[in-house]
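Accompanying notes for the structure given below.
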Amino acid sequence: MRSHRVVWLALALAIEIAAGGLVFAAGGESVREMLRRVLTPAESVAKVTLERSDPFGGPRTRERGRVWFLPGRGLRYRSVERGGQDVVIDRAKDAFLVYNPQERVLYRGAYGRAPARLRRLIAEPERALTGDLRPVAERRAAGGTLRDGFRIGGRSLGDSARDVTLWIAGDARTGLPRWVSLASETDTLWVEFREWKFQKAPRADDLATGAPKGTREEPLDPRELLERSGPGAKRESR
Amino acid sequence: MPRAASGSEARAHLLATFAVPEAGSRGVGVVAAKHGDRREGSLEVRWATLAESTVVFGYAGPVRAIDASMLGDSLYVALRTSDLGFAGPVREREGLGPAGLRFLARPWDLSAAWVKDAIEHAAVEARDKGWRLRGTFASGGSAHPFTLDLDRRGDPARLAVARPGGRGERIVVRYGPTKSFRGGTMPRWIEWTQGSAVIRLSIDEYARGEPARFRHAPAADPEWTLMTLDDPRSRDLLRRYLGIGERGEDP
């Protein structure tokens, strides 16, 4: 199974869904203010925990990681689980990178290959604060407790998250985004943001993957499989 | 581990343990693939089976990346993160045919009549570490010779299915040591080998399924690229993507 190609795309989708949820929840003023606080600093960093239900009633799974967001510049998600991936979208370097420590391969694509919603969020974060999707107040269980938040309708999520309903809630103490829930007919993904930190100046080094020097590189476009019979042109990271 | 007193006793143990039809089951595991010495990464999988239907969801981290289902003879695979899907019937005369593919997807389930019958009629001989069954699977319109190695007690250890006429091995399935899961006795892992491709499923959980929770894989999104399995290009791509054969080989 060429699962490496699946993995990077899945992680990109995970970021897109989570970030898309933040974007499209910007209908209510309280939500808008919550988002303004994380989208307007020069750099925002948070720990995240992703938890997913089992479609057949089995146990949930969890993954912990960290997210960096540099408005105008880029976005990074790094899993802190053993063998977890590192995904970077860097507009300034025209790069979309996924480092898979299990394979010791760095997958490289152009910035334009990153999901469109994420590119919009990076290039025009202010647009996230002007949307009006009229979220509906709803209380849901998250993190073992009922929490007040807002539900967003499925179709309003756009192309990459069809048939998904989204719910978002802020942290009662800090007012910062804390919980995002994405539910489909098959399963539900919960994203918890914790320990938000904000920098006064962007730190470009935060958009570097953890790939060691000399890591083998491969292109990350899976559709090349349609045209090519072997692995893509290879090179090493510098 | 007590050794079966005879080959017949080992076979009886095998059939009593693995040839009992399931009402429905679900499982959790990790699939890891490699080609030669090269690892190709891993996915967590969650699956459910009911009668002749099997649905598998593959996850990369928390995100569902692959949907796959085999409902009767119809196969559907969606690479969700690529907005790409494949669908179509498995041809009766391709490889082991649809029944054979269903069996190879769940090689611990020997309850299909044609599988059970082949095992019951197989010749049995002693070997150093257990027993060996030699027989023929009649599937996909052809006769496929097989050897099924059993351990001392009669649990499956290695299944090799040859091409019709014994022209080389089509696929080899290795079984890990058995474990008592909530849903019954199962190998701890299953490993499929075809050519240089090796795919291993490590089983973390196996339980009886709740029929109400069983659901087929969601339909493909209208905006995805959906390719028919009758298209040679899509078959070639799927083979290489899943690492289950080279160009021109049967899946």
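By order of appearance in the structure tokens: chains A, B, ..., then residues from 1 within every chain, and ligands from 1 in the order shown.
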Based on DSSP run over this structure's backbone, return all residues of segment 98-235 of chain B in strand (DSSP E), as a compact mmCIF listing (two decimals) with N, CA and C atoms, in the first residue's frame.
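New file part-v3.txt:
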```
# COMPACT_ATOMS: atom_id res chain seq x y z
N ALA B 123 -5.18 -33.54 1.10
CA ALA B 123 -4.33 -34.58 1.68
C ALA B 123 -3.56 -33.97 2.85
N VAL B 124 -3.34 -34.74 3.88
CA VAL B 124 -2.64 -34.21 5.04
C VAL B 124 -1.40 -35.05 5.31
N GLU B 125 -0.32 -34.37 5.65
CA GLU B 125 0.93 -35.06 5.96
C GLU B 125 1.60 -34.37 7.13
N ALA B 126 2.40 -35.13 7.85
CA ALA B 126 3.13 -34.55 8.98
C ALA B 126 4.33 -33.79 8.46
N ARG B 127 4.69 -32.74 9.14
CA ARG B 127 5.93 -32.03 8.85
C ARG B 127 6.58 -31.72 10.19
N GLY B 130 4.52 -29.43 12.51
CA GLY B 130 3.07 -29.52 12.49
C GLY B 130 2.58 -30.40 11.37
N TRP B 131 1.70 -29.81 10.56
CA TRP B 131 1.02 -30.59 9.54
C TRP B 131 0.92 -29.77 8.27
N ARG B 132 0.77 -30.46 7.15
CA ARG B 132 0.59 -29.76 5.88
C ARG B 132 -0.60 -30.36 5.12
N LEU B 133 -1.48 -29.46 4.69
CA LEU B 133 -2.61 -29.87 3.85
C LEU B 133 -2.29 -29.50 2.42
N ARG B 134 -2.53 -30.42 1.51
CA ARG B 134 -2.35 -30.16 0.08
C ARG B 134 -3.68 -30.39 -0.61
N GLY B 135 -4.12 -29.39 -1.32
CA GLY B 135 -5.41 -29.55 -1.99
C GLY B 135 -5.54 -28.58 -3.14
N THR B 136 -6.78 -28.36 -3.53
CA THR B 136 -7.06 -27.50 -4.68
C THR B 136 -8.28 -26.64 -4.39
N PHE B 137 -8.12 -25.35 -4.58
CA PHE B 137 -9.26 -24.45 -4.51
C PHE B 137 -9.87 -24.35 -5.89
N ALA B 138 -11.15 -24.58 -5.99
CA ALA B 138 -11.86 -24.38 -7.25
C ALA B 138 -12.52 -23.02 -7.17
N SER B 139 -11.87 -22.03 -7.76
CA SER B 139 -12.37 -20.66 -7.66
C SER B 139 -11.92 -19.88 -8.89
N SER B 142 -11.14 -21.79 -12.23
CA SER B 142 -9.95 -22.62 -12.40
C SER B 142 -9.66 -23.37 -11.10
N ALA B 143 -8.77 -24.33 -11.23
CA ALA B 143 -8.32 -25.07 -10.05
C ALA B 143 -6.96 -24.52 -9.61
N HIS B 144 -6.89 -24.09 -8.37
CA HIS B 144 -5.67 -23.48 -7.85
C HIS B 144 -5.10 -24.38 -6.75
N PRO B 145 -3.98 -25.04 -7.03
CA PRO B 145 -3.37 -25.87 -5.98
C PRO B 145 -2.96 -25.02 -4.78
N PHE B 146 -3.10 -25.57 -3.60
CA PHE B 146 -2.67 -24.83 -2.42
C PHE B 146 -2.01 -25.78 -1.42
N THR B 147 -1.17 -25.20 -0.59
CA THR B 147 -0.68 -25.90 0.59
C THR B 147 -1.00 -25.03 1.78
N LEU B 148 -1.51 -25.65 2.82
CA LEU B 148 -1.83 -24.92 4.05
C LEU B 148 -1.07 -25.60 5.18
N ASP B 149 -0.07 -24.90 5.69
CA ASP B 149 0.71 -25.43 6.79
C ASP B 149 0.02 -25.11 8.11
N LEU B 150 -0.06 -26.10 8.97
CA LEU B 150 -0.66 -25.93 10.30
C LEU B 150 0.42 -26.13 11.35
N PRO B 156 -3.61 -22.35 11.68
CA PRO B 156 -2.97 -22.06 10.38
C PRO B 156 -1.66 -21.28 10.58
N ALA B 157 -0.68 -21.62 9.75
CA ALA B 157 0.62 -20.94 9.83
C ALA B 157 0.98 -20.30 8.49
N ARG B 158 0.73 -21.00 7.39
CA ARG B 158 1.11 -20.46 6.09
C ARG B 158 0.24 -21.09 5.01
N LEU B 159 -0.32 -20.24 4.18
CA LEU B 159 -1.12 -20.70 3.05
C LEU B 159 -0.46 -20.20 1.77
N ALA B 160 -0.18 -21.12 0.87
CA ALA B 160 0.37 -20.74 -0.43
C ALA B 160 -0.60 -21.19 -1.50
N VAL B 161 -1.06 -20.24 -2.30
CA VAL B 161 -1.98 -20.56 -3.39
C VAL B 161 -1.23 -20.41 -4.70
N ALA B 162 -1.25 -21.45 -5.49
CA ALA B 162 -0.51 -21.43 -6.76
C ALA B 162 -1.45 -21.08 -7.91
N GLU B 169 3.68 -19.46 -7.35
CA GLU B 169 2.77 -19.04 -6.28
C GLU B 169 2.06 -17.76 -6.66
N ARG B 170 0.75 -17.75 -6.53
CA ARG B 170 -0.01 -16.54 -6.80
C ARG B 170 0.10 -15.61 -5.59
N ILE B 171 -0.08 -16.18 -4.43
CA ILE B 171 -0.03 -15.39 -3.20
C ILE B 171 0.27 -16.30 -2.03
N VAL B 172 0.96 -15.75 -1.04
CA VAL B 172 1.25 -16.49 0.18
C VAL B 172 0.67 -15.70 1.34
N VAL B 173 -0.02 -16.40 2.21
CA VAL B 173 -0.57 -15.79 3.42
C VAL B 173 0.08 -16.45 4.63
N ARG B 174 0.66 -15.65 5.48
CA ARG B 174 1.23 -16.18 6.73
C ARG B 174 0.34 -15.75 7.88
N TYR B 175 0.20 -16.63 8.85
CA TYR B 175 -0.67 -16.37 9.99
C TYR B 175 0.20 -16.28 11.26
N THR B 178 -2.12 -17.52 17.39
CA THR B 178 -3.50 -17.16 17.68
C THR B 178 -3.63 -16.52 19.06
N LYS B 179 -4.72 -15.78 19.18
CA LYS B 179 -5.03 -15.09 20.44
C LYS B 179 -6.54 -15.12 20.63
N SER B 180 -6.97 -15.20 21.87
CA SER B 180 -8.40 -15.15 22.15
C SER B 180 -8.84 -13.70 22.26
N PHE B 181 -9.52 -13.22 21.24
CA PHE B 181 -10.10 -11.88 21.27
C PHE B 181 -11.53 -12.00 21.78
N GLY B 184 -13.57 -13.99 19.42
CA GLY B 184 -13.18 -15.36 19.14
C GLY B 184 -11.68 -15.47 18.92
N THR B 185 -11.25 -16.64 18.52
CA THR B 185 -9.82 -16.90 18.30
C THR B 185 -9.41 -16.40 16.93
N MET B 186 -8.32 -15.65 16.94
CA MET B 186 -7.82 -15.06 15.69
C MET B 186 -6.31 -15.04 15.72
N PRO B 187 -5.68 -15.08 14.56
CA PRO B 187 -4.23 -14.84 14.55
C PRO B 187 -3.95 -13.40 15.02
N TRP B 189 -1.66 -11.62 13.79
CA TRP B 189 -1.36 -10.87 12.57
C TRP B 189 -1.54 -11.78 11.36
N ILE B 190 -1.73 -11.12 10.23
CA ILE B 190 -1.84 -11.80 8.94
C ILE B 190 -0.88 -11.08 7.99
N GLU B 191 -0.17 -11.85 7.18
CA GLU B 191 0.77 -11.23 6.25
C GLU B 191 0.53 -11.81 4.85
N TRP B 192 0.28 -10.92 3.91
CA TRP B 192 0.07 -11.32 2.53
C TRP B 192 1.35 -10.98 1.74
N THR B 193 1.83 -11.92 0.94
CA THR B 193 3.00 -11.67 0.09
C THR B 193 2.66 -11.99 -1.35
N GLN B 194 2.93 -11.01 -2.20
CA GLN B 194 2.79 -11.25 -3.63
C GLN B 194 3.98 -10.59 -4.31
N ALA B 197 6.00 -7.52 -2.80
CA ALA B 197 5.14 -6.73 -1.93
C ALA B 197 4.68 -7.57 -0.73
N VAL B 198 4.83 -7.00 0.44
CA VAL B 198 4.40 -7.67 1.67
C VAL B 198 3.50 -6.71 2.43
N ILE B 199 2.32 -7.15 2.75
CA ILE B 199 1.38 -6.34 3.53
C ILE B 199 1.04 -7.11 4.79
N ARG B 200 1.23 -6.47 5.93
CA ARG B 200 0.96 -7.13 7.20
C ARG B 200 -0.14 -6.40 7.95
N LEU B 201 -1.11 -7.16 8.39
CA LEU B 201 -2.17 -6.63 9.25
C LEU B 201 -1.92 -7.12 10.66
N SER B 202 -1.66 -6.19 11.57
CA SER B 202 -1.54 -6.53 12.99
C SER B 202 -2.89 -6.27 13.62
N ILE B 203 -3.45 -7.28 14.23
CA ILE B 203 -4.82 -7.18 14.74
C ILE B 203 -4.80 -6.78 16.21
N ASP B 204 -5.42 -5.65 16.49
CA ASP B 204 -5.49 -5.16 17.88
C ASP B 204 -6.80 -5.55 18.55
N GLU B 205 -7.84 -5.61 17.78
CA GLU B 205 -9.14 -5.91 18.35
C GLU B 205 -9.99 -6.67 17.35
N TYR B 206 -10.70 -7.66 17.85
CA TYR B 206 -11.62 -8.41 17.02
C TYR B 206 -12.83 -8.71 17.88
N ALA B 207 -13.98 -8.27 17.44
CA ALA B 207 -15.18 -8.41 18.28
C ALA B 207 -16.38 -8.71 17.41
N ARG B 208 -17.41 -9.22 18.03
CA ARG B 208 -18.67 -9.42 17.32
C ARG B 208 -19.24 -8.06 16.98
N THR B 225 -13.09 11.94 -8.99
CA THR B 225 -12.83 11.17 -10.20
C THR B 225 -13.11 9.72 -9.87
N LEU B 226 -14.09 9.16 -10.55
CA LEU B 226 -14.46 7.77 -10.28
C LEU B 226 -14.10 6.94 -11.50
N MET B 227 -13.24 5.96 -11.30
CA MET B 227 -12.77 5.15 -12.43
C MET B 227 -13.36 3.75 -12.32
N THR B 228 -13.73 3.23 -13.46
CA THR B 228 -14.28 1.88 -13.46
C THR B 228 -13.15 0.86 -13.47
```
### Query
Which neighbours of segment 54-56 of chain B fall inside 7 Å, counting only C-alpha atoms, when residues of the same chain fewer than 4 positions from it are skipped, and could you give them as a PyMOL selection string?
chain B and resi 45-50+67-71+216-217
#### Entry: For Val90 of chain B: contacts at 8 Å, only C-alpha atoms, fewer than 5 positions along chain excluded, given as a PyMOL selection string
chain B and resi 73-75+97-98
Would you save the residues of that selection, restricted to C-alpha atoms, as a PDB file, in the first residue's frame?
```
ATOM      1  CA  ASP B  73     -18.870  -9.310  -6.210  1.00  0.00           C
ATOM      2  CA  SER B  74     -18.670  -5.524  -6.335  1.00  0.00           C
ATOM      3  CA  LEU B  75     -15.472  -3.842  -5.276  1.00  0.00           C
ATOM      4  CA  GLY B  97     -12.452 -14.566  -8.775  1.00  0.00           C
ATOM      5  CA  PRO B  98     -14.719 -12.594  -6.430  1.00  0.00           C
TER       6      PRO B  98
END
```
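With only C-alpha atoms as the basis for measurement, B:Ala60 is the residue among B:Leu15, B:Leu101, B:Ala78, B:Ala60 that approaches chain A most closely.
When atom CA of Trp224 of chain B is paired with atom CA of Leu118 of chain A, their separation reads 19.7 Å.
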### Task
Choose the residue, out of B:Pro2, B:Gly58, B:Gly195, B:Gly95, that has the smallest atom-to-atom separation from chain A; count only C-alpha atoms.
B:Gly58
